[in-house]
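Visitor: One structure, pasted below without further comment.
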Amino acid sequence: MSLHTEQIQTLNKIMKAIDEKAAQFKDTRFDMREAQSQAHKKLLLDLIESAKKLADEMNPKPAGVLDDLRELSSQISKMN
C-alpha cells in the first residue's frame, strides 16, 4: 500500500472520529459540567489539529478538507 493511500485512510478515520465527536459535543455540551465540556472541546480541537497536520503533509493537499477543518475548528473554538 502506498504512503498516499495510507494517509488518505488515516485521514478518513480521523475525519469520522471528528464528525462523531463534533455531533456529540454540539448535542450534549449544555448538559455537561464545565470541566467535562472543556475536556471534550479540547479533545475535539486536538483531533482537528491532527487531521490538519496530516492533510497538510499530503501531496496533493486536500484543500477542501483543510478549509472544512479550519472552519470547524473556528466554530468549536467559539462555543462555550
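Scheme for the C-alpha cells: letters A, B, ... for chains in order shown; per-chain residue numbers from 1; ligand numbers from 1 in order shown.
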List as JSON, numbers by chain the protein and nucleic acid residues near stretch 37-48 of chain A, meaning an atom at most 12 Å away when only C-alpha atoms are counted, but skip any in the same chain fewer than 5 places from it.
Guide: {"A": [11, 13, 14, 15, 16, 17, 18, 19, 20, 21, 22, 23, 24, 25, 26, 27, 28, 29, 30, 31, 32, 53, 54, 55, 65, 66, 67, 68, 69, 70, 71, 72, 73, 74, 75, 76, 77, 78, 79, 80]}
Visitor: Keeping only N, CA and C atoms, write the selected residues to a file as a compact mmCIF listing (two decimals), in the first residue's frame.
Guide:
```txt
# COMPACT_ATOMS: atom_id res chain seq x y z
N LEU A 11 -6.58 9.75 7.38
CA LEU A 11 -7.34 11.00 7.42
C LEU A 11 -8.84 10.70 7.46
N LYS A 13 -10.30 8.11 8.77
CA LYS A 13 -10.63 7.62 10.12
C LYS A 13 -10.70 8.79 11.10
N ILE A 14 -9.75 9.70 11.00
CA ILE A 14 -9.75 10.87 11.89
C ILE A 14 -10.98 11.73 11.63
N MET A 15 -11.32 11.93 10.34
CA MET A 15 -12.49 12.74 9.99
C MET A 15 -13.77 12.10 10.53
N LYS A 16 -13.86 10.78 10.48
CA LYS A 16 -15.03 10.10 11.03
C LYS A 16 -15.13 10.34 12.53
N ALA A 17 -14.00 10.23 13.22
CA ALA A 17 -13.99 10.48 14.67
C ALA A 17 -14.37 11.93 14.97
N ILE A 18 -13.87 12.86 14.17
CA ILE A 18 -14.20 14.28 14.36
C ILE A 18 -15.69 14.49 14.17
N ASP A 19 -16.26 13.92 13.11
CA ASP A 19 -17.70 14.07 12.86
C ASP A 19 -18.52 13.56 14.04
N GLU A 20 -18.15 12.38 14.55
CA GLU A 20 -18.89 11.79 15.66
C GLU A 20 -18.75 12.64 16.93
N LYS A 21 -17.52 13.05 17.24
CA LYS A 21 -17.28 13.84 18.45
C LYS A 21 -17.92 15.23 18.35
N ALA A 22 -17.86 15.83 17.16
CA ALA A 22 -18.46 17.17 16.99
C ALA A 22 -19.97 17.11 17.17
N ALA A 23 -20.61 16.11 16.58
CA ALA A 23 -22.05 15.96 16.73
C ALA A 23 -22.42 15.73 18.19
N GLN A 24 -21.66 14.87 18.87
CA GLN A 24 -21.92 14.59 20.28
C GLN A 24 -21.72 15.86 21.11
N PHE A 25 -20.65 16.59 20.85
CA PHE A 25 -20.36 17.80 21.61
C PHE A 25 -21.45 18.84 21.42
N LYS A 26 -21.87 19.05 20.18
CA LYS A 26 -22.90 20.04 19.90
C LYS A 26 -24.22 19.69 20.56
N ASP A 27 -24.53 18.39 20.62
CA ASP A 27 -25.81 17.95 21.18
C ASP A 27 -25.83 17.92 22.71
N THR A 28 -24.66 17.72 23.34
CA THR A 28 -24.66 17.50 24.78
C THR A 28 -23.88 18.52 25.60
N ARG A 29 -23.30 19.51 24.96
CA ARG A 29 -22.41 20.40 25.71
C ARG A 29 -23.13 21.17 26.82
N PHE A 30 -24.41 21.46 26.65
CA PHE A 30 -25.13 22.19 27.68
C PHE A 30 -25.51 21.31 28.86
N ASP A 31 -25.48 19.99 28.64
CA ASP A 31 -25.81 19.05 29.71
C ASP A 31 -24.58 18.64 30.52
N MET A 32 -23.40 19.03 30.06
CA MET A 32 -22.15 18.63 30.72
C MET A 32 -21.74 19.66 31.76
N LYS A 53 -2.75 18.67 10.31
CA LYS A 53 -1.33 18.37 10.10
C LYS A 53 -1.14 17.27 9.06
N LEU A 54 -1.93 16.20 9.18
CA LEU A 54 -1.82 15.11 8.23
C LEU A 54 -2.21 15.58 6.83
N ALA A 55 -3.29 16.31 6.72
CA ALA A 55 -3.74 16.80 5.41
C ALA A 55 -2.70 17.73 4.79
N VAL A 65 -10.80 19.77 2.32
CA VAL A 65 -10.78 19.19 3.67
C VAL A 65 -10.11 20.17 4.64
N LEU A 66 -9.01 20.75 4.21
CA LEU A 66 -8.32 21.72 5.08
C LEU A 66 -9.22 22.91 5.39
N ASP A 67 -9.93 23.39 4.40
CA ASP A 67 -10.85 24.52 4.62
C ASP A 67 -11.95 24.13 5.60
N ASP A 68 -12.51 22.93 5.42
CA ASP A 68 -13.56 22.45 6.33
C ASP A 68 -13.05 22.31 7.76
N LEU A 69 -11.83 21.80 7.90
CA LEU A 69 -11.25 21.63 9.24
C LEU A 69 -11.01 22.99 9.91
N ARG A 70 -10.53 23.95 9.15
CA ARG A 70 -10.31 25.29 9.71
C ARG A 70 -11.63 25.91 10.16
N GLU A 71 -12.66 25.76 9.34
CA GLU A 71 -13.97 26.31 9.68
C GLU A 71 -14.54 25.63 10.93
N LEU A 72 -14.45 24.31 10.98
CA LEU A 72 -14.96 23.59 12.14
C LEU A 72 -14.19 23.97 13.40
N SER A 73 -12.88 24.09 13.28
CA SER A 73 -12.06 24.49 14.42
C SER A 73 -12.49 25.87 14.94
N SER A 74 -12.75 26.78 14.01
CA SER A 74 -13.19 28.12 14.40
C SER A 74 -14.54 28.06 15.11
N GLN A 75 -15.46 27.27 14.57
CA GLN A 75 -16.78 27.15 15.19
C GLN A 75 -16.69 26.54 16.59
N ILE A 76 -15.94 25.47 16.73
CA ILE A 76 -15.81 24.80 18.03
C ILE A 76 -15.13 25.72 19.04
N SER A 77 -14.11 26.45 18.60
CA SER A 77 -13.39 27.36 19.49
C SER A 77 -14.31 28.43 20.08
N LYS A 78 -15.29 28.83 19.30
CA LYS A 78 -16.22 29.88 19.74
C LYS A 78 -17.30 29.39 20.69
N MET A 79 -17.50 28.07 20.74
CA MET A 79 -18.54 27.52 21.60
C MET A 79 -18.10 27.55 23.06
N ASN A 80 -19.06 27.81 23.91
CA ASN A 80 -18.79 27.81 25.36
C ASN A 80 -19.08 26.47 25.95
```
Visitor: With only C-alpha atoms as the atoms that count, which of A:Met1, A:Ala63, A:Asn12, A:Glu6 lies nearest to A:Ala51?
Guide: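 Nearest candidate to A:Ala51 out of A:Met1, A:Ala63, A:Asn12, A:Glu6: A:Asn12.
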Visitor: Counting only C-alpha atoms, which residue out of A:Gly64, A:Gln36, A:Ser50, A:Glu57 sits closest to A:His4?
Guide: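 With only C-alpha atoms as the atom set, the closest residue is A:Glu57.
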